[in-house]
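Below: one structure, written as structure tokens.
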Amino acid sequence: MTNFILIAVCMLAGLLLRRFTKLPEDAYKGVNALIINLALPGVSFKYLPHLRWSGAMILPAMMPVVLWLCGWLYVRIYAAKARLDKPTEGGMKLVTCLSNTSFVGFPLVSAYFGDNALGIAVICDQVSFILLATAGIAVAMNASDKHTLSVTTVLKKVTLFPPFIACAAALILPLFMDISPLDPLFDKLAATVAPLALFSIGLQMKFDGWKSQIRHVSASLVYKLILAPLIIYGIVWLSGMKGIIPQISIFEAAMPSFLTAGIIASEYHLNPRLSSLIVGISIVFAFFTTAVWYLLIVGLA
């Protein structure tokens, strides 16, 4: 119950502060910088060195890839039927095909499954980021009239992203040295992810003009909150997998749109209004749909 109260309090605090105080429009960027450079690396170092690796770990690693490919095809078909322009289609691909596996995913995984399950969620999140920084940036550049696709830019975004560097270090360093004396530090840093991420989301959420975009928003949400987790559920059911790993994989697949994907859509002028609406509305709806998905997947014990 405490985790759910934390989620409500932190998001509400961000919403109220943005509405009733004179915070700068980009105040969330400072919070995001703290999350990206300290909190998320702390999560990697807290959980990854202690994970017990098995063949089942391929599922959380492959989940974002499967959803990206299926989502890309889903949006392509919808764009053809709805006759979307290229920037709008590109923006929808970004926010429909990628899940918010950290800012929303980590707090909800902790709330429903406990902190120990975050190690599996970290794997989902790192692959999601790599997809955003590679395939996502490629889609953005291809859909934008003001940018050209650059391999150098893509590689730079991946290799210099602090959580990615921390993920690699958390997997490699324990092979050569004992980093356990730093565990209390990593515990403290990891504990800041949920309140900071939820507060940041509250600062950024906007719903102006949703009625004019309801058709496109609905199409995106159907895939993001229903079809995406259903696809992973189907894979788990067909393979007969049981336990916490498939549970977290399905649950993370049920997360709302990737917040950073919405920011990239805005930076590349890919119908930023629609992209922001999809991100914001999907986050609100996800607090209800993830509860339903949790009830459906608890039987996979």
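Identifiers in this document derive from the order of the structure tokens: chains are assigned A, B, ..., residues are numbered from 1 separately in each chain, and ligands are numbered from 1 in order of occurrence.
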Near region 94-109 of chain A, 6 Å: region 176-288 of chain A residue rows, closest pairs, only C-alpha atoms, as JSON lines:
```
{"residue": "A:Ala194", "atom": "CA", "partner": "A:Pro107", "partner_atom": "CA", "distance": 5.0}
{"residue": "A:Ala197", "atom": "CA", "partner": "A:Phe103", "partner_atom": "CA", "distance": 4.9}
{"residue": "A:Ser220", "atom": "CA", "partner": "A:Thr96", "partner_atom": "CA", "distance": 5.5}
{"residue": "A:Lys224", "atom": "CA", "partner": "A:Thr96", "partner_atom": "CA", "distance": 5.8}
{"residue": "A:Glu252", "atom": "CA", "partner": "A:Thr101", "partner_atom": "CA", "distance": 5.9}
{"residue": "A:Met255", "atom": "CA", "partner": "A:Ser99", "partner_atom": "CA", "distance": 5.5}
{"residue": "A:Pro256", "atom": "CA", "partner": "A:Asn100", "partner_atom": "CA", "distance": 5.6}
{"residue": "A:Ser257", "atom": "CA", "partner": "A:Ser99", "partner_atom": "CA", "distance": 4.9}
{"residue": "A:Phe258", "atom": "CA", "partner": "A:Asn100", "partner_atom": "CA", "distance": 4.0}
{"residue": "A:Ala261", "atom": "CA", "partner": "A:Leu94", "partner_atom": "CA", "distance": 5.5}
{"residue": "A:Gly262", "atom": "CA", "partner": "A:Val95", "partner_atom": "CA", "distance": 5.9}
```
Could the residues in this selection be written to a file with C-alpha atoms, as a compact mmCIF listing (two decimals), in the first residue's frame?
```txt
# COMPACT_ATOMS: atom_id res chain seq x y z
CA ALA A 194 10.53 6.05 -8.02
CA ALA A 197 10.60 9.71 -11.86
CA SER A 220 -1.85 3.95 -30.01
CA LYS A 224 0.48 -0.11 -26.06
CA GLU A 252 6.81 -4.43 -18.34
CA MET A 255 3.74 -0.20 -19.43
CA PRO A 256 2.65 3.08 -21.08
CA SER A 257 4.54 4.99 -23.76
CA PHE A 258 8.23 5.75 -23.29
CA ALA A 261 10.41 8.74 -26.95
CA GLY A 262 7.90 11.57 -26.67
```
Practice item. Give me the residues within 10 Å of Asp187 (chain A) as a list of chain:residue names, counting only C-alpha atoms and dropping any in the same chain fewer than 2 places off. Key: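 Within the cut-off, the hits are A:Ala39, A:Gly42, A:Val43, A:Phe45, A:Lys46, A:Tyr47, A:Leu182, A:Asp183, A:Pro184, A:Leu185, A:Leu189, A:Ala190, A:Ala191, A:Thr192.
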**Study point:** Test item: residues at most 9 Å from Tyr74 (chain A), only C-alpha atoms, excluding those fewer than 4 positions along its chain, as a list in words
**Key:**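 Counting only C-alpha atoms, the residues come to Leu69, Cys70, Tyr78, Ala79, Lys93, Cys97 and Tyr223 of chain A.
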Do you know which residues are at most 12 Å from Phe113 (chain A) counting only C-alpha atoms, after dropping those on the same chain fewer than 2 positions away, and could you put them as a compact mmCIF listing (two decimals) with all heavy atoms, in the first residue's frame?
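Dumped to out.txt:
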```txt
# COMPACT_ATOMS: atom_id res chain seq x y z
N ASN A 3 3.71 1.78 -1.42
CA ASN A 3 4.20 2.09 -2.76
C ASN A 3 3.15 2.79 -3.62
O ASN A 3 3.46 3.68 -4.41
CB ASN A 3 4.67 0.80 -3.45
CG ASN A 3 6.00 0.33 -2.93
OD1 ASN A 3 6.84 1.12 -2.54
ND2 ASN A 3 6.20 -0.98 -2.89
N GLY A 105 7.71 2.00 -15.10
CA GLY A 105 7.89 0.56 -14.89
C GLY A 105 8.49 0.21 -13.55
O GLY A 105 7.98 -0.67 -12.83
N PHE A 106 9.57 0.86 -13.16
CA PHE A 106 10.24 0.52 -11.90
C PHE A 106 9.33 0.74 -10.68
O PHE A 106 9.22 -0.15 -9.83
CB PHE A 106 11.54 1.31 -11.75
CG PHE A 106 12.65 0.85 -12.67
CD1 PHE A 106 13.86 1.52 -12.70
CD2 PHE A 106 12.49 -0.24 -13.50
CE1 PHE A 106 14.89 1.11 -13.54
CE2 PHE A 106 13.50 -0.66 -14.36
CZ PHE A 106 14.71 0.02 -14.38
N PRO A 107 8.68 1.90 -10.56
CA PRO A 107 7.78 2.08 -9.40
C PRO A 107 6.66 1.05 -9.35
O PRO A 107 6.32 0.54 -8.28
CB PRO A 107 7.24 3.49 -9.59
CG PRO A 107 8.27 4.20 -10.40
CD PRO A 107 8.81 3.16 -11.33
N LEU A 108 6.07 0.72 -10.51
CA LEU A 108 4.97 -0.23 -10.52
C LEU A 108 5.44 -1.66 -10.27
O LEU A 108 4.76 -2.44 -9.60
CB LEU A 108 4.20 -0.14 -11.85
CG LEU A 108 3.33 1.10 -12.02
CD1 LEU A 108 2.63 1.09 -13.37
CD2 LEU A 108 2.30 1.20 -10.91
N VAL A 109 6.59 -2.02 -10.81
CA VAL A 109 7.15 -3.35 -10.52
C VAL A 109 7.42 -3.49 -9.03
O VAL A 109 7.10 -4.52 -8.42
CB VAL A 109 8.45 -3.58 -11.33
CG1 VAL A 109 9.21 -4.80 -10.81
CG2 VAL A 109 8.13 -3.78 -12.80
N SER A 110 7.98 -2.45 -8.42
CA SER A 110 8.23 -2.48 -6.98
C SER A 110 6.92 -2.60 -6.20
O SER A 110 6.84 -3.33 -5.21
CB SER A 110 8.97 -1.21 -6.54
OG SER A 110 10.27 -1.17 -7.08
N ALA A 111 5.90 -1.86 -6.64
CA ALA A 111 4.63 -1.85 -5.93
C ALA A 111 3.94 -3.21 -5.99
O ALA A 111 3.38 -3.68 -4.99
CB ALA A 111 3.71 -0.77 -6.51
N ASP A 115 10.86 -5.01 -4.55
CA ASP A 115 12.10 -4.45 -5.09
C ASP A 115 13.01 -5.50 -5.72
O ASP A 115 13.77 -5.19 -6.64
CB ASP A 115 12.87 -3.72 -3.98
CG ASP A 115 12.18 -2.43 -3.55
OD1 ASP A 115 11.30 -1.97 -4.29
OD2 ASP A 115 12.51 -1.91 -2.48
N ASN A 116 12.95 -6.74 -5.26
CA ASN A 116 13.85 -7.77 -5.79
C ASN A 116 13.59 -8.05 -7.27
O ASN A 116 14.48 -8.56 -7.96
CB ASN A 116 13.70 -9.06 -4.98
CG ASN A 116 14.26 -8.93 -3.58
OD1 ASN A 116 15.15 -8.09 -3.33
ND2 ASN A 116 13.77 -9.73 -2.66
N ALA A 117 12.40 -7.74 -7.76
CA ALA A 117 12.08 -8.00 -9.16
C ALA A 117 12.66 -6.95 -10.09
O ALA A 117 12.62 -7.10 -11.32
CB ALA A 117 10.56 -8.06 -9.34
N LEU A 118 13.23 -5.87 -9.53
CA LEU A 118 13.76 -4.80 -10.38
C LEU A 118 14.95 -5.23 -11.22
O LEU A 118 15.22 -4.64 -12.26
CB LEU A 118 14.14 -3.59 -9.51
CG LEU A 118 12.98 -2.72 -9.02
CD1 LEU A 118 13.51 -1.61 -8.13
CD2 LEU A 118 12.22 -2.13 -10.19
N GLY A 119 15.67 -6.24 -10.77
CA GLY A 119 16.80 -6.72 -11.56
C GLY A 119 16.38 -7.18 -12.94
O GLY A 119 17.08 -6.95 -13.93
N ILE A 120 15.23 -7.84 -13.03
CA ILE A 120 14.69 -8.28 -14.32
C ILE A 120 14.20 -7.08 -15.12
O ILE A 120 14.40 -7.00 -16.33
CB ILE A 120 13.55 -9.30 -14.10
CG1 ILE A 120 14.05 -10.49 -13.28
CG2 ILE A 120 12.99 -9.78 -15.44
CD1 ILE A 120 12.95 -11.35 -12.72
N ALA A 121 13.57 -6.14 -14.42
CA ALA A 121 13.06 -4.94 -15.08
C ALA A 121 14.19 -4.12 -15.69
O ALA A 121 14.01 -3.48 -16.73
CB ALA A 121 12.26 -4.09 -14.09
N GLY A 243 6.98 -18.51 -13.47
CA GLY A 243 7.87 -17.83 -12.53
C GLY A 243 7.92 -16.33 -12.71
O GLY A 243 7.22 -15.74 -13.54
N ILE A 244 8.80 -15.71 -11.95
CA ILE A 244 8.89 -14.25 -11.87
C ILE A 244 9.41 -13.63 -13.17
O ILE A 244 9.01 -12.51 -13.52
CB ILE A 244 9.77 -13.82 -10.68
CG1 ILE A 244 9.64 -12.32 -10.41
CG2 ILE A 244 11.21 -14.22 -10.89
CD1 ILE A 244 8.28 -11.89 -9.96
N ILE A 245 10.27 -14.31 -13.90
CA ILE A 245 10.84 -13.73 -15.12
C ILE A 245 9.77 -13.49 -16.18
O ILE A 245 9.65 -12.37 -16.70
CB ILE A 245 11.99 -14.60 -15.66
CG1 ILE A 245 13.15 -14.61 -14.67
CG2 ILE A 245 12.45 -14.10 -17.03
CD1 ILE A 245 14.29 -15.53 -15.07
N GLN A 247 6.59 -13.23 -15.63
CA GLN A 247 5.65 -12.28 -15.03
C GLN A 247 6.11 -10.84 -15.25
O GLN A 247 5.33 -9.98 -15.68
CB GLN A 247 5.50 -12.55 -13.54
CG GLN A 247 4.68 -13.79 -13.21
CD GLN A 247 4.56 -14.01 -11.72
OE1 GLN A 247 5.34 -13.50 -10.92
NE2 GLN A 247 3.57 -14.78 -11.31
N ILE A 248 7.37 -10.57 -14.94
CA ILE A 248 7.90 -9.20 -15.10
C ILE A 248 7.97 -8.82 -16.56
O ILE A 248 7.72 -7.66 -16.93
CB ILE A 248 9.29 -9.07 -14.44
CG1 ILE A 248 9.20 -9.37 -12.94
CG2 ILE A 248 9.86 -7.67 -14.65
CD1 ILE A 248 8.22 -8.48 -12.19
N PHE A 251 4.50 -7.86 -17.56
CA PHE A 251 4.11 -6.64 -16.85
C PHE A 251 4.81 -5.41 -17.42
O PHE A 251 4.19 -4.36 -17.61
CB PHE A 251 4.45 -6.80 -15.36
CG PHE A 251 3.78 -5.78 -14.48
CD1 PHE A 251 2.42 -5.82 -14.26
CD2 PHE A 251 4.52 -4.78 -13.85
CE1 PHE A 251 1.79 -4.89 -13.44
CE2 PHE A 251 3.92 -3.84 -13.04
CZ PHE A 251 2.54 -3.90 -12.83
N GLU A 252 6.08 -5.54 -17.74
CA GLU A 252 6.81 -4.43 -18.34
C GLU A 252 6.29 -4.15 -19.75
O GLU A 252 6.33 -3.00 -20.21
CB GLU A 252 8.30 -4.72 -18.37
CG GLU A 252 9.02 -4.53 -17.03
CD GLU A 252 9.31 -3.07 -16.71
OE1 GLU A 252 8.38 -2.22 -16.81
OE2 GLU A 252 10.47 -2.77 -16.37
N ALA A 291 -3.03 -2.98 -13.39
CA ALA A 291 -3.66 -3.72 -12.29
C ALA A 291 -4.38 -4.96 -12.83
O ALA A 291 -4.32 -6.04 -12.24
CB ALA A 291 -4.63 -2.82 -11.54
N TYR A 294 -1.77 -7.48 -13.92
CA TYR A 294 -1.18 -8.15 -12.75
C TYR A 294 -2.06 -9.32 -12.32
O TYR A 294 -1.56 -10.42 -12.04
CB TYR A 294 -1.03 -7.16 -11.59
CG TYR A 294 -0.61 -7.81 -10.30
CD1 TYR A 294 0.71 -8.25 -10.10
CD2 TYR A 294 -1.53 -8.04 -9.28
CE1 TYR A 294 1.10 -8.87 -8.93
CE2 TYR A 294 -1.15 -8.65 -8.10
CZ TYR A 294 0.16 -9.06 -7.93
OH TYR A 294 0.54 -9.69 -6.76
N LEU A 295 -3.37 -9.12 -12.28
CA LEU A 295 -4.27 -10.18 -11.89
C LEU A 295 -4.24 -11.34 -12.89
O LEU A 295 -4.41 -12.51 -12.50
CB LEU A 295 -5.70 -9.64 -11.78
CG LEU A 295 -5.95 -8.60 -10.67
CD1 LEU A 295 -7.37 -8.06 -10.76
CD2 LEU A 295 -5.69 -9.21 -9.30
N ILE A 297 -1.57 -12.27 -14.69
CA ILE A 297 -0.28 -12.97 -14.77
C ILE A 297 0.18 -13.58 -13.46
O ILE A 297 1.17 -14.34 -13.45
CB ILE A 297 0.83 -12.03 -15.29
CG1 ILE A 297 1.09 -10.89 -14.31
CG2 ILE A 297 0.48 -11.50 -16.65
CD1 ILE A 297 2.18 -9.94 -14.78
N VAL A 298 -0.51 -13.31 -12.36
CA VAL A 298 -0.06 -13.89 -11.07
C VAL A 298 -0.16 -15.42 -11.08
O VAL A 298 0.49 -16.09 -10.28
CB VAL A 298 -0.85 -13.33 -9.88
CG1 VAL A 298 -0.44 -11.91 -9.57
CG2 VAL A 298 -2.37 -13.43 -10.10
N ALA A 301 3.01 -18.46 -11.63
CA ALA A 301 4.01 -18.64 -10.55
C ALA A 301 4.74 -19.95 -10.69
O ALA A 301 4.22 -20.90 -11.27
CB ALA A 301 3.30 -18.56 -9.20
```
Exercise for review: Mind checking which residues fall within 12 Å of Leu175 (chain A), counting only C-alpha atoms, ignoring those fewer than 6 positions away in the same chain, and posting them as number ranges by chain?
Suggested key: A: 49-50, 168-169
Practice item. Tell me which protein, DNA and RNA residues are within 9 Å of Met11 (chain A), counting only C-alpha atoms, leaving out same-chain ones fewer than 3 positions away, and put them as a list in words. Key: Leu6, Ile7, Ala8, Gly14, Leu15, Leu16, Pro195, Ala197, Leu198, Phe199, Ser200, Ile201, Gly202 and Leu203 of chain A
With C-alpha atoms retained, could you export that selection as an mmCIF file, in the first residue's frame?
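again.cif, written as the output of this step:
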```
data_model
loop_
_atom_site.group_PDB
_atom_site.id
_atom_site.type_symbol
_atom_site.label_atom_id
_atom_site.label_comp_id
_atom_site.auth_asym_id
_atom_site.auth_seq_id
_atom_site.Cartn_x
_atom_site.Cartn_y
_atom_site.Cartn_z
ATOM 1 C CA LEU A 6 4.030 7.066 -3.008
ATOM 2 C CA ILE A 7 3.030 6.858 -6.680
ATOM 3 C CA ALA A 8 -0.053 9.033 -6.135
ATOM 4 C CA GLY A 14 4.447 17.346 -9.863
ATOM 5 C CA LEU A 15 1.066 18.189 -11.376
ATOM 6 C CA LEU A 16 0.168 20.694 -8.667
ATOM 7 C CA PRO A 195 9.810 9.397 -6.306
ATOM 8 C CA ALA A 197 10.601 9.710 -11.862
ATOM 9 C CA LEU A 198 6.976 10.047 -10.801
ATOM 10 C CA PHE A 199 7.498 13.673 -9.808
ATOM 11 C CA SER A 200 9.065 14.348 -13.215
ATOM 12 C CA ILE A 201 6.106 12.722 -14.970
ATOM 13 C CA GLY A 202 3.735 14.935 -12.991
ATOM 14 C CA LEU A 203 5.672 18.018 -14.113
#
```
Point to revise | For Asn271 (chain A), the nearest of the candidates A:Leu84, A:Ala56, A:Pro64, A:Pro24, counting only C-alpha atoms | key: A:Leu84
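Shortest atom-to-atom contact with Arg19 (chain A) among A:Phe285, A:Lys206, A:Ile250, A:Ile214: A:Lys206, counting only C-alpha atoms.
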